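K.L.:
Just passing along the structure, written as structure tokens.
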Amino acid sequence: MKESQQTEFKRQWKDEWLKWISAFANAEGGVLIVGYDDHGQAVGVEQASKLLEDIPNKVRDILGIVVDVNLKVADGIETLHIQVPAYPYPVSYKGEYHYRSGSTKQELKGAALDRFLLRKQGLHWDAVPLPGLEVSSLDTATFKKFSELAINSQRLPASIVNDSPQLLLERLRLTQNHYLKRAVALLFHPDPERFVTGACIKIGAFGVNDADLLHHDEVVGNLFTQIENTIEVLKLKYLRALISYDELYRKESYPVPLAALREALLNAVVHKDYASATAIQISVYPDKLMIWNPGHLPESWTLDKLMSKHASCPFNPDIANTFFRAGLIESWGRGIERIIDTCKQGNYPAPKWQLEPGGLWVVFEFPKEHLRQLPDETGQATPPVTPPVTPPVATLLKLLADKGEQGNAEIREAMQLKDRRHLRDHYINPALEQGLIEYTLPKKPTSSKQKYRITTLGIKRLNDKLIT
């Protein structure tokens with residue numbers, strides 16, 4: 001006989017073994033066998049008859065539960081078998097909470113204790129009411145964006161989407177007993193870190209090893225903003241795209257398919273353990289991109305089950321439901337499958353998932369052909385040609401040359417553009433990547449105070465009449 005997750009051996013009875021009994025009760029149940037050594041050999045127990053009466057009473061009085069204690073005799077050796085059922089509510093030992101994991105007993109503290117207590121009560125972290133969070137402090141622009149997404153996805157009727165923020169939150173079941181839930185702070189507050197430590201995404205560019213940190217960024221704001229801005233920061237500062245042109249149309253090929261990257265980020269924010277107080281971390285190396293998400297698989301799940309077809313089981317159901325209503329995710333547990341399919345369709349290497357204590361890695365390796373075509377270490381591009389400046393970029397350069405530093409809103413107004421994405425994709429990003437314009441706040445690319453100015457190279461292109 002060997003010890004296992006549901007079997008523990010003790011040579012003699014001690015009252016401190018009540019901790020082990022509470023650990024079994026808090027996990028999946030088990031049996032504590034008294035009178036066995038660590039090798040699984042029966043050595044017998046003293047005063048077995050007395051313990052048959054004492055142990056059930058101590059368990060009842062100290063732990064508040066009932067267990068079966070049975071005396072077994074084999075070859076004249078008496079042993080006690082204490083059968084502990086799994087309990088649906090938390091079982092405490094003198095104010096401590098213990099848990100059986102594998103063949104060890106752990107005392108739960110901090111975030112692990114919070115998760116355990118919530119799970120035993122049938123709750124999730126994001127569903128807990130958050131005193132001090134008011135509707136008036138939420139970001140109206142994010143509500144407007146959510147409404148547009150929900151209407152386009154046809155997952156909420158317009159009559160609900162057009163309600164006041166308070167009524168909309170109630171319809172989304174993001175309120176409880178006149179309080180807003182934690183999920184609301186993450187989804188709609190402009191500064192969720194005021195309520196949730198680590199509610200951000202950190203990005204770092206590394207050289208040949210983890211000690212060689214080249215530069216880094218921190219993306220803040222609510223979850224809708226974080227997803228969009230993280231993609232933009234990665235495109236502008238971390239992922240080296242191959243550029244080609246079809247007449248005047250610019251084509252960009254990134255080392256990671258953006259649709260798969262976006263899906264991986266959505267998975268991360270939906271399944272993150274926000275009680276960990278740790279940020280989602282994106283590490284970009286010369287040959288790969290890695291996303292670290294603090295979290296845990298559902299109870300009894302393995303990495304194999306995660307990678308196979310499975311039902312949707314979000315760590316944060318309220319956040320997941322809101323993203324689903326906005327059309328950003330599905331509700332069939334197909335996130336990983338979609339990431340793999342996207343990479344396969346684009347002839348990218350299949351991503352890999354690595355489960356570690358406290359979280360999950362997803363690794364995107366860059367295609368070797370993509371790396372081969374990138375500029376070498378001297379910065380010499382292949383082929384060394386000057387890309388043409390498209391008419392939209394030319395218009396932007398002339399505006400900045402005439403008026404000086406301009407922000408997004410000022411540029412849209414001057415050019416009579418309504419679509420922010422069109423401005424970003426066809427004007428701002430191409431000009432930035434060619435070095436024709438630059439940020440006024442280079443360390444804060446997503447700042448609301450960000451403006452752009454023309455560079456020396458941009459002025460030279462104007463003076464050389466290389467603008468079409």
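Every chain in the structure tokens has a letter given in the order shown (A, B, ...), and although residue numbers restart at 1 in each chain, ligands are simply numbered from 1 in the order shown.
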Excluding Gly76 in chain A and its own-chain neighbours fewer than 5 positions away, which residues fall within 12 Å of it when counting only C-alpha atoms? Please give them as a list of chain:residue names.

P.N.:
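Result of the neighbour search: A:Ala42, A:Val43, A:Gly44, A:Val45, A:Leu71.
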
K.L.:
Using only C-alpha atoms, please write the residues we just selected to a file, as a CSV table (one decimal), in the first residue's frame.

P.N.:
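Saved the output as out-v4.csv:
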chain,number,residue,atom,x,y,z
A,42,ALA,CA,1.4,-2.1,9.3
A,43,VAL,CA,3.1,-1.5,12.7
A,44,GLY,CA,0.0,-1.3,14.9
A,45,VAL,CA,-1.5,1.5,17.0
A,71,LEU,CA,-10.7,-0.6,13.6

K.L.:
Which neighbours of Pro257 in chain A fall inside 9 Å, counting only C-alpha atoms, when residues of the same chain fewer than 2 positions from it are skipped, and could you give them as a VMD selection string?

P.N.:
chain A and resid 253 to 255 259 to 262 342 to 343 346 348

K.L.:
Smallest atom-to-atom distance to Trp292 in chain A: which of A:Phe315, A:Gly221, A:Ile201, A:Gln6, using only C-alpha atoms?

P.N.:
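Ranked by minimum distance to Trp292 in chain A, first place goes to A:Ile201.
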
K.L.:
Looking only at alpha helix (DSSP H) from DSSP on the backbone, list the matching residues of range 75-118 of chain A as an MDAnalysis selection string.

P.N.:
chainID A and resid 110:118

K.L.:
Can I get the selection written as a JSON list (two decimals), in the first residue's frame, with N, CA and C atoms?

P.N.:
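Result file result-v2.json:
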[["chain", "number", "residue", "atom", "x", "y", "z"],
["A", 110, "GLY", "N", -3.54, 33.75, 1.69],
["A", 110, "GLY", "CA", -3.54, 34.76, 0.64],
["A", 110, "GLY", "C", -4.53, 34.46, -0.47],
["A", 111, "ALA", "N", -4.05, 34.62, -1.71],
["A", 111, "ALA", "CA", -4.92, 34.46, -2.88],
["A", 111, "ALA", "C", -5.46, 33.04, -2.99],
["A", 112, "ALA", "N", -4.64, 32.04, -2.61],
["A", 112, "ALA", "CA", -5.10, 30.65, -2.66],
["A", 112, "ALA", "C", -6.27, 30.42, -1.72],
["A", 113, "LEU", "N", -6.22, 31.03, -0.55],
["A", 113, "LEU", "CA", -7.32, 30.91, 0.42],
["A", 113, "LEU", "C", -8.57, 31.61, -0.12],
["A", 114, "ASP", "N", -8.39, 32.78, -0.72],
["A", 114, "ASP", "CA", -9.54, 33.50, -1.30],
["A", 114, "ASP", "C", -10.22, 32.64, -2.36],
["A", 115, "ARG", "N", -9.44, 32.03, -3.25],
["A", 115, "ARG", "CA", -10.01, 31.20, -4.31],
["A", 115, "ARG", "C", -10.77, 30.02, -3.72],
["A", 116, "PHE", "N", -10.17, 29.40, -2.71],
["A", 116, "PHE", "CA", -10.79, 28.24, -2.09],
["A", 116, "PHE", "C", -12.12, 28.60, -1.45],
["A", 117, "LEU", "N", -12.16, 29.68, -0.68],
["A", 117, "LEU", "CA", -13.39, 30.07, 0.01],
["A", 117, "LEU", "C", -14.48, 30.45, -0.99],
["A", 118, "LEU", "N", -14.11, 31.15, -2.05],
["A", 118, "LEU", "CA", -15.10, 31.51, -3.06],
["A", 118, "LEU", "C", -15.65, 30.28, -3.75]]

K.L.:
If we count only C-alpha atoms and set the cut-off at 9 Å, which residues sit around Glu252 in chain A, ignoring sequence neighbours fewer than 5 positions away in its own chain? Please answer as a PyMOL selection string.

P.N.:
chain A and resi 241-245

K.L.:
Give the strand (DSSP E or B) residues of range 149-397 of chain A, as assigned by DSSP on the backbone, as a ChimeraX atom specification.

P.N.:
/A:175-176,179-181,201-206,213-219,242-246,249-253,280-284,288-294,352-356,359-365,389

K.L.:
Store the residues of this selection in a file with N, CA and C atoms, as a compact mmCIF listing (two decimals), in the first residue's frame.

P.N.:
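Output file again_11.txt follows:
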# COMPACT_ATOMS: atom_id res chain seq x y z
N THR A 175 -24.27 43.43 -11.26
CA THR A 175 -24.57 44.08 -9.99
C THR A 175 -25.08 43.05 -9.00
N GLN A 176 -24.93 43.36 -7.73
CA GLN A 176 -25.44 42.47 -6.68
C GLN A 176 -25.70 43.29 -5.42
N TYR A 179 -24.62 46.81 -5.27
CA TYR A 179 -23.19 47.04 -5.48
C TYR A 179 -22.82 46.60 -6.90
N LEU A 180 -21.78 47.21 -7.44
CA LEU A 180 -21.20 46.74 -8.69
C LEU A 180 -20.18 45.65 -8.38
N LYS A 181 -20.07 44.68 -9.28
CA LYS A 181 -19.13 43.57 -9.06
C LYS A 181 -17.71 43.98 -9.46
N ILE A 201 -1.07 44.80 -18.42
CA ILE A 201 -0.28 43.89 -19.26
C ILE A 201 1.11 44.48 -19.42
N LYS A 202 2.13 43.71 -19.08
CA LYS A 202 3.51 44.15 -19.22
C LYS A 202 4.14 43.48 -20.44
N ILE A 203 4.87 44.28 -21.20
CA ILE A 203 5.53 43.79 -22.41
C ILE A 203 7.02 44.08 -22.31
N GLY A 204 7.83 43.10 -22.63
CA GLY A 204 9.28 43.30 -22.61
C GLY A 204 9.94 42.70 -23.83
N ALA A 205 10.92 43.40 -24.37
CA ALA A 205 11.73 42.87 -25.48
C ALA A 205 13.06 42.39 -24.91
N PHE A 206 13.44 41.16 -25.24
CA PHE A 206 14.65 40.56 -24.70
C PHE A 206 15.61 40.21 -25.82
N LEU A 213 17.24 42.50 -21.05
CA LEU A 213 16.01 43.27 -21.29
C LEU A 213 16.36 44.53 -22.07
N LEU A 214 15.81 44.65 -23.27
CA LEU A 214 16.14 45.77 -24.15
C LEU A 214 15.24 46.98 -23.89
N HIS A 215 13.96 46.76 -23.81
CA HIS A 215 13.02 47.83 -23.47
C HIS A 215 11.70 47.19 -23.05
N HIS A 216 10.85 47.97 -22.43
CA HIS A 216 9.59 47.41 -21.94
C HIS A 216 8.50 48.48 -21.91
N ASP A 217 7.25 48.02 -21.86
CA ASP A 217 6.08 48.89 -21.77
C ASP A 217 5.08 48.27 -20.82
N GLU A 218 4.19 49.10 -20.31
CA GLU A 218 3.09 48.65 -19.46
C GLU A 218 1.79 49.21 -20.02
N VAL A 219 0.88 48.33 -20.38
CA VAL A 219 -0.40 48.74 -20.96
C VAL A 219 -1.45 48.73 -19.86
N LEU A 242 7.40 42.20 -42.15
CA LEU A 242 7.92 42.27 -43.51
C LEU A 242 6.98 43.16 -44.31
N ILE A 243 7.53 44.16 -44.99
CA ILE A 243 6.73 45.13 -45.72
C ILE A 243 6.83 44.87 -47.22
N SER A 244 5.68 44.87 -47.87
CA SER A 244 5.65 44.77 -49.33
C SER A 244 4.57 45.73 -49.84
N TYR A 245 4.59 45.97 -51.14
CA TYR A 245 3.64 46.92 -51.72
C TYR A 245 3.01 46.33 -52.96
N ASP A 246 1.70 46.51 -53.05
CA ASP A 246 0.95 46.16 -54.25
C ASP A 246 0.46 47.48 -54.83
N TYR A 249 -0.72 50.07 -52.33
CA TYR A 249 -1.25 49.44 -51.13
C TYR A 249 -0.14 48.73 -50.37
N ARG A 250 -0.05 49.06 -49.12
CA ARG A 250 1.00 48.53 -48.25
C ARG A 250 0.53 47.21 -47.63
N LYS A 251 1.40 46.22 -47.62
CA LYS A 251 1.10 44.93 -47.00
C LYS A 251 2.12 44.64 -45.91
N GLU A 252 1.63 44.19 -44.78
CA GLU A 252 2.50 43.89 -43.64
C GLU A 252 2.31 42.44 -43.23
N SER A 253 3.41 41.75 -43.03
CA SER A 253 3.37 40.36 -42.58
C SER A 253 4.13 40.25 -41.27
N ILE A 280 -0.38 40.18 -16.48
CA ILE A 280 -0.10 39.35 -17.65
C ILE A 280 1.21 39.85 -18.26
N GLN A 281 2.09 38.92 -18.63
CA GLN A 281 3.41 39.32 -19.12
C GLN A 281 3.65 38.76 -20.52
N ILE A 282 4.09 39.64 -21.41
CA ILE A 282 4.41 39.24 -22.78
C ILE A 282 5.91 39.46 -23.00
N SER A 283 6.61 38.38 -23.27
CA SER A 283 8.06 38.44 -23.49
C SER A 283 8.34 38.20 -24.97
N VAL A 284 9.00 39.16 -25.61
CA VAL A 284 9.30 39.06 -27.04
C VAL A 284 10.81 38.87 -27.22
N LYS A 288 10.79 34.37 -30.95
CA LYS A 288 9.51 33.89 -30.41
C LYS A 288 8.85 34.97 -29.55
N LEU A 289 7.56 34.75 -29.30
CA LEU A 289 6.79 35.59 -28.38
C LEU A 289 6.11 34.68 -27.38
N MET A 290 6.20 35.04 -26.08
CA MET A 290 5.63 34.21 -25.03
C MET A 290 4.67 35.05 -24.17
N ILE A 291 3.51 34.47 -23.87
CA ILE A 291 2.52 35.13 -23.01
C ILE A 291 2.37 34.33 -21.73
N TRP A 292 2.60 34.99 -20.59
CA TRP A 292 2.44 34.36 -19.28
C TRP A 292 1.15 34.87 -18.65
N ASN A 293 0.29 33.93 -18.28
CA ASN A 293 -0.98 34.29 -17.67
C ASN A 293 -1.09 33.67 -16.29
N PRO A 294 -1.12 34.48 -15.22
CA PRO A 294 -1.29 33.92 -13.88
C PRO A 294 -2.68 33.31 -13.75
N LYS A 352 2.64 26.56 -28.68
CA LYS A 352 2.79 25.56 -27.62
C LYS A 352 2.30 26.14 -26.30
N TRP A 353 1.70 25.27 -25.48
CA TRP A 353 1.25 25.68 -24.15
C TRP A 353 2.04 24.92 -23.09
N GLN A 354 2.46 25.64 -22.06
CA GLN A 354 3.25 25.05 -20.98
C GLN A 354 2.61 25.42 -19.65
N LEU A 355 2.21 24.41 -18.89
CA LEU A 355 1.59 24.62 -17.59
C LEU A 355 2.66 24.59 -16.50
N GLU A 356 2.71 25.64 -15.70
CA GLU A 356 3.65 25.74 -14.59
C GLU A 356 2.90 26.13 -13.33
N GLY A 359 0.55 29.41 -13.18
CA GLY A 359 0.15 30.03 -14.43
C GLY A 359 0.41 29.18 -15.66
N LEU A 360 0.16 29.79 -16.81
CA LEU A 360 0.23 29.08 -18.09
C LEU A 360 0.98 29.94 -19.11
N TRP A 361 1.88 29.32 -19.86
CA TRP A 361 2.60 29.98 -20.95
C TRP A 361 1.97 29.56 -22.27
N VAL A 362 1.86 30.49 -23.21
CA VAL A 362 1.62 30.14 -24.61
C VAL A 362 2.78 30.73 -25.40
N VAL A 363 3.37 29.90 -26.26
CA VAL A 363 4.60 30.27 -26.96
C VAL A 363 4.34 30.26 -28.47
N PHE A 364 4.58 31.41 -29.11
CA PHE A 364 4.51 31.53 -30.56
C PHE A 364 5.93 31.62 -31.11
N GLU A 365 6.37 30.59 -31.80
CA GLU A 365 7.68 30.64 -32.44
C GLU A 365 7.55 31.32 -33.80
N VAL A 389 6.07 56.34 -50.56
CA VAL A 389 5.21 56.97 -49.58
C VAL A 389 3.81 57.07 -50.19

K.L.:
Might you pull out every residue within 12 Å of Tyr36 in chain A, with only C-alpha atoms counted and same-chain residues fewer than 3 positions away left off, and present them as JSON, numbers by chain?

P.N.:
{"A": [1, 2, 3, 7, 8, 9, 10, 11, 12, 13, 32, 33, 39, 40, 41, 42, 43, 44, 45, 46, 72, 77, 78, 79, 80, 81]}

K.L.:
Can you tell me which residues surround Ile459 in chain A at a distance of at most 8 Å, considering only C-alpha atoms, apart from same-chain residues fewer than 5 positions away, and format the answer as a list in words?

P.N.:
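That gives Leu397, Ala401, Leu436 and Ile454 of chain A.
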
K.L.:
Pull C-alpha atoms from the residues just selected and write them as a short mmCIF file (atom, residue, chain, number, x, y, z; two decimals), in the first residue's frame.

P.N.:
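Writing done, so here's part_6.cif:
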data_model
loop_
_atom_site.label_atom_id
_atom_site.label_comp_id
_atom_site.auth_asym_id
_atom_site.auth_seq_id
_atom_site.Cartn_x
_atom_site.Cartn_y
_atom_site.Cartn_z
CA LEU A 397 3.51 64.69 -43.54
CA ALA A 401 5.12 70.15 -41.61
CA LEU A 436 8.83 59.78 -41.19
CA ILE A 454 7.51 65.07 -38.52
#

K.L.:
Using 8 Å as the limit and counting only C-alpha atoms, can you tabulate each residue of range 305-413 of chain A that touches range 449-452 of chain A, with its shortest atom-to-atom distance in Å and the two atoms involved, as a Markdown table?

P.N.:
| residue | atom | partner | partner_atom | distance |
| --- | --- | --- | --- | --- |
| A:Leu400 | CA | A:Tyr452 | CA | 7.8 |
| A:Glu405 | CA | A:Tyr452 | CA | 5.4 |
| A:Gln406 | CA | A:Lys451 | CA | 5.2 |
| A:Gly407 | CA | A:Lys451 | CA | 4.1 |
| A:Asn408 | CA | A:Lys451 | CA | 7.0 |

K.L.:
Figure out the distance between CA of Ala279 in chain A and CA of Ala199 in chain A, please, to one decimal in Å.

P.N.:
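Going from CA of Ala199 in chain A over to CA of Ala279 in chain A covers 6.0 Å.
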
K.L.:
Measuring atom to atom with only C-alpha atoms, identify which of A:Glu232, A:His189, A:Arg155, A:Asn26 is nearest to Glu330 in chain A.

P.N.:
A:Arg155

K.L.:
Find the residues around Glu337 in chain A up to 12 Å (only C-alpha atoms counted), leave out those fewer than 3 positions away in its own chain, and share them as a list in words.

P.N.:
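The filter keeps Ala260, Glu263, Ala264, Asn267, Leu306, Met307, Ser308, Lys309, His310, Glu330, Trp332, Gly333, Arg334, Ile340, Asp341, Thr342, Cys343, Lys344, Ala350, Pro351 and Lys352 of chain A.
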